[in-house]
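Report on one structure; see the data block that follows.
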Amino acid sequence: MADLSVEFCGIKSPNPFWLASAPPTNTGDQIMRAFDAGWGGAVWKTLGQPIVNVSSRYSSVDYAGRRMMGLNNIELITDRPLDVNFREIAEVKKRYPKHALIVSLMVESKRDAWHEIVRRAEDAGADGLELNFGCPHGMSERGMGAAVGQVPDYTCQIVQWVKEVAKTPVIVKLTPNVTDVTFPARAAEQGGADAISLINTINSVTGIDLESMTPRPAVHGASAHGGYCGPAVKPIALAMVASVAQSVKLPISGIGGVSSWQDAAEFILLGASTVQVCTAVMHHGFRIVLDMIDGLSSYLDRKGLRSVNDLVGRSVPTYQRWEQLDLNYRVIADIKQDKCIGCGVCYAACYDGAHQAIAVKPDQRGRSAVEILEHKCVGCNLCSLVCPVDDCITMKRIDTFGDQRLPWTEYSKNPSLYPHIRSNRHDQ
């Protein structure tokens, strides 16, 4: 079986599945139960000067029958005394010495304040420190969180302050609420960070109560923007992780909508060495990690890979700028008529929303049959995405020369018959 153990910037972990700094890591009891369930590591809920949290504090976006596709929160950092947190950190590390225990930190932008909390966290037994430069609400209004992560100079400066006293690895957690996440990533690297984690939550308002006309979640008739997370943010997180992987040479911990082993594998392929999970645990509990461990292990075995390290970053070279893509590569839609149910969804989508490359005609059974107008099809994929039948509409490769189109399958049988097609169009 594949080896799932990882070493992340010098921190050893039984597997790459960590709990993110969030409500599931608010207490030592929660983290110990998570480790018993199989999680390899955990990032303690952010410590700083304890604050008073609001009530209520969560709202969600449901879609197509799925609950909590996206989760919004206006909760802030720990509201528990620091002495209590540090005592529990020491107890967890004593009982689970082989698990990764990272402590998330956020204090005001003063060198002495950072020095003090770093020393206290390490004295309690932290394996590493995660600097929260991403919280998008509440703390950022106080000059912390995203207010730091959105200014590369501040990011670099505070990392330098932390590195003056830190004896354990320093991980910088980045905010996605920026135009280009690579700028703060490079600033963190310049400041001496040992690793990067991303993404933190995204600025959001999940909806309005149409009866009270108040945004959700409501706090005595009012609300505020919060941080958005969950499956809905995964595409944004993947893009940012890939961009950072191409921009810095630091290890990456991927965060954002990880709910399954497949999600984890995607983050790892784009450069992450570990993944952090929050919303899925808040929805389903700690035991989801069992499926993640089993699924990732089986996937590595099926691919003939011996460890997680063999998977890290394999997809990064294929993540390119648009202008680098091959404009000679062509595909068109292909409908398997024996699978088509005649619903007409593809026709409506293509005719009203794309390139009008699908025709409809009655078939012998009196139903509507659809066919691709190949001379109009641009290979946009929309029809295959909306089709409700698996593998009914697929995309087939073609190559163009003059006014003719040649399916890739035909070319590949005997390329010598088609010398007028440039070979660089047919790279494997």
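FYI, nothing fancy with the structure tokens labels: chains A, B, ... in order, residues from 1 per chain, ligands from 1 as they appear.
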
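Contact shell of Tyr347 of chain A at 8 Å (only C-alpha atoms; same-chain neighbours under 2 positions omitted): Gly344, Val345, Ala349, Cys350, Tyr351, Gln356, Ile358, Ala359, Val360, Val370 and Cys383 of chain A.
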
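By only C-alpha atoms, and with residues fewer than 6 positions from segment 258-261 of chain A along its chain excluded, the set lying at most 7 Å from it is Pro231, Val277, Ala280, Met292, Gly295 and Leu296 of chain A.
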
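Take the candidates A:Arg186, A:Arg120, A:His225, A:Arg111 and check each one against Ile74 of chain A using only C-alpha atoms; the shortest distance goes to A:His225.
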
request  = Determine which residues of segment 82-120 of chain A DSSP labels as helix (DSSP H, G or I) from the backbone of this structure, then write them out as a list in words.
outcome  = Leu82, Asp83, Val84, Asn85, Phe86, Arg87, Glu88, Ile89, Ala90, Glu91, Val92, Lys93, Lys94, Arg95, Arg111, Asp112, Ala113, Trp114, His115, Glu116, Ile117, Val118, Arg119 and Arg120 of chain A

Let me see the file: selected residues, C-alpha atoms, as a PDB file, in the first residue's frame.
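Once everything was written out, this is result.pdb:
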ATOM      1  CA  LEU A  82      -5.397  32.106  26.191  1.00  0.00           C
ATOM      2  CA  ASP A  83      -4.250  30.273  29.325  1.00  0.00           C
ATOM      3  CA  VAL A  84      -6.947  27.657  28.765  1.00  0.00           C
ATOM      4  CA  ASN A  85      -5.986  27.222  25.115  1.00  0.00           C
ATOM      5  CA  PHE A  86      -2.284  26.847  25.870  1.00  0.00           C
ATOM      6  CA  ARG A  87      -2.970  24.324  28.630  1.00  0.00           C
ATOM      7  CA  GLU A  88      -5.078  22.231  26.233  1.00  0.00           C
ATOM      8  CA  ILE A  89      -2.443  22.479  23.482  1.00  0.00           C
ATOM      9  CA  ALA A  90       0.133  21.029  25.861  1.00  0.00           C
ATOM     10  CA  GLU A  91      -2.218  18.198  26.818  1.00  0.00           C
ATOM     11  CA  VAL A  92      -3.026  17.307  23.199  1.00  0.00           C
ATOM     12  CA  LYS A  93       0.636  17.237  22.201  1.00  0.00           C
ATOM     13  CA  LYS A  94       1.484  15.102  25.218  1.00  0.00           C
ATOM     14  CA  ARG A  95      -1.164  12.517  24.296  1.00  0.00           C
ATOM     15  CA  ARG A 111       6.716  43.280  17.114  1.00  0.00           C
ATOM     16  CA  ASP A 112       6.468  42.683  20.881  1.00  0.00           C
ATOM     17  CA  ALA A 113       2.918  41.304  20.612  1.00  0.00           C
ATOM     18  CA  TRP A 114       3.981  38.792  17.958  1.00  0.00           C
ATOM     19  CA  HIS A 115       7.096  37.804  19.885  1.00  0.00           C
ATOM     20  CA  GLU A 116       5.092  37.121  23.036  1.00  0.00           C
ATOM     21  CA  ILE A 117       2.394  34.945  21.491  1.00  0.00           C
ATOM     22  CA  VAL A 118       4.906  32.999  19.382  1.00  0.00           C
ATOM     23  CA  ARG A 119       6.912  32.119  22.490  1.00  0.00           C
ATOM     24  CA  ARG A 120       3.792  31.082  24.412  1.00  0.00           C
TER      25      ARG A 120
END

Give me the residues near Phe133 of chain A as a compact mmCIF listing (two decimals) with C-alpha atoms, in the first residue's frame, where near means some atom within 7 Å (using only C-alpha atoms) and where sequence neighbours in that chain fewer than 6 positions away do not count.
# COMPACT_ATOMS: atom_id res chain seq x y z
CA GLY A 145 -6.18 39.34 9.27
CA ALA A 146 -6.85 40.26 5.65
CA VAL A 148 -2.24 42.39 6.67
CA GLY A 149 -2.49 39.79 3.92
CA VAL A 172 1.59 32.01 6.33
CA LYS A 173 -2.14 31.71 5.61
CA LEU A 174 -3.10 33.92 2.67
CA THR A 175 -6.32 35.76 1.90

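Candidate residues A:Glu130, A:Asp153, A:Asp301, A:Glu164 were compared for distance to Ala187 of chain A, and the nearest is A:Asp153, using only C-alpha atoms.
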
request  = Could you tell me how far atom CA of Ser104 of chain A lies from atom CA of Thr201 of chain A, in Å and to one decimal?
outcome  = 14.8 Å

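The residue that comes closest to Val6 of chain A, out of A:Pro169, A:Pro251, A:Pro50, A:Pro235 and on the basis of only C-alpha atoms, is A:Pro251.
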
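Taking atom CA of Thr182 of chain A and atom CA of Ala245 of chain A as the two end points, the separation is 9.1 Å.
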
task = Grab the atom CA of Arg367 of chain A to atom CA of Cys340 of chain A distance for me, in Å with one decimal place.
result = 10.4 Å

Set the distance at 9 Å and use only C-alpha atoms: which residues neighbour Gln49 of chain A once local chain neighbours fewer than 6 positions away are removed? I'd like the list as a PDB file with N, CA and C atoms, in the first residue's frame.
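The resulting file, out-v3.pdb, is reproduced below:
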ATOM      1  N   ILE A  77     -11.968  35.075  15.978  1.00  0.00           N
ATOM      2  CA  ILE A  77     -10.982  34.172  16.567  1.00  0.00           C
ATOM      3  C   ILE A  77     -11.490  33.645  17.910  1.00  0.00           C
ATOM      4  N   THR A  78     -10.641  32.942  18.644  1.00  0.00           N
ATOM      5  CA  THR A  78     -11.060  32.310  19.894  1.00  0.00           C
ATOM      6  C   THR A  78     -11.700  33.307  20.855  1.00  0.00           C
ATOM      7  N   ASP A  79     -12.746  32.842  21.519  1.00  0.00           N
ATOM      8  CA  ASP A  79     -13.334  33.637  22.596  1.00  0.00           C
ATOM      9  C   ASP A  79     -13.053  32.990  23.950  1.00  0.00           C
ATOM     10  N   PRO A  81     -10.160  31.981  26.998  1.00  0.00           N
ATOM     11  CA  PRO A  81      -8.918  32.554  27.551  1.00  0.00           C
ATOM     12  C   PRO A  81      -7.670  31.877  26.987  1.00  0.00           C
ATOM     13  N   LEU A  82      -6.631  32.656  26.755  1.00  0.00           N
ATOM     14  CA  LEU A  82      -5.397  32.106  26.191  1.00  0.00           C
ATOM     15  C   LEU A  82      -4.786  31.048  27.098  1.00  0.00           C
ATOM     16  N   MET A 106      -2.939  35.370  15.576  1.00  0.00           N
ATOM     17  CA  MET A 106      -3.258  36.676  15.016  1.00  0.00           C
ATOM     18  C   MET A 106      -3.282  37.705  16.152  1.00  0.00           C
ATOM     19  N   VAL A 107      -2.380  38.651  16.109  1.00  0.00           N
ATOM     20  CA  VAL A 107      -2.362  39.743  17.088  1.00  0.00           C
ATOM     21  C   VAL A 107      -2.139  41.054  16.345  1.00  0.00           C
ATOM     22  N   GLU A 108      -2.201  42.152  17.073  1.00  0.00           N
ATOM     23  CA  GLU A 108      -2.011  43.453  16.445  1.00  0.00           C
ATOM     24  C   GLU A 108      -0.604  43.561  15.864  1.00  0.00           C
TER      25      GLU A 108
END

Asn15 of chain A surroundings by only C-alpha atoms, 7 Å radius, close-in-sequence under 3 positions cut, as a PDB file with N, CA and C atoms, in the first residue's frame:
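Just written: out01.pdb:
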ATOM      1  N   LEU A   4       1.047   7.128   3.112  1.00  0.00           N
ATOM      2  CA  LEU A   4       0.336   8.403   3.203  1.00  0.00           C
ATOM      3  C   LEU A   4       1.017   9.396   4.137  1.00  0.00           C
ATOM      4  N   SER A   5       2.061   8.973   4.838  1.00  0.00           N
ATOM      5  CA  SER A   5       2.728   9.901   5.758  1.00  0.00           C
ATOM      6  C   SER A   5       3.418  11.009   4.968  1.00  0.00           C
ATOM      7  N   VAL A   6       3.454  12.198   5.555  1.00  0.00           N
ATOM      8  CA  VAL A   6       4.065  13.345   4.893  1.00  0.00           C
ATOM      9  C   VAL A   6       4.958  14.075   5.882  1.00  0.00           C
ATOM     10  N   GLY A  40      -4.565  13.428  10.402  1.00  0.00           N
ATOM     11  CA  GLY A  40      -3.124  13.451  10.596  1.00  0.00           C
ATOM     12  C   GLY A  40      -2.627  14.662  11.340  1.00  0.00           C
TER      13      GLY A  40
END

key: A:Val312, A:Val43, A:Ala354, A:Val61 ranked by distance to Val103 of chain A, top pick (using only C-alpha atoms)   = A:Val43
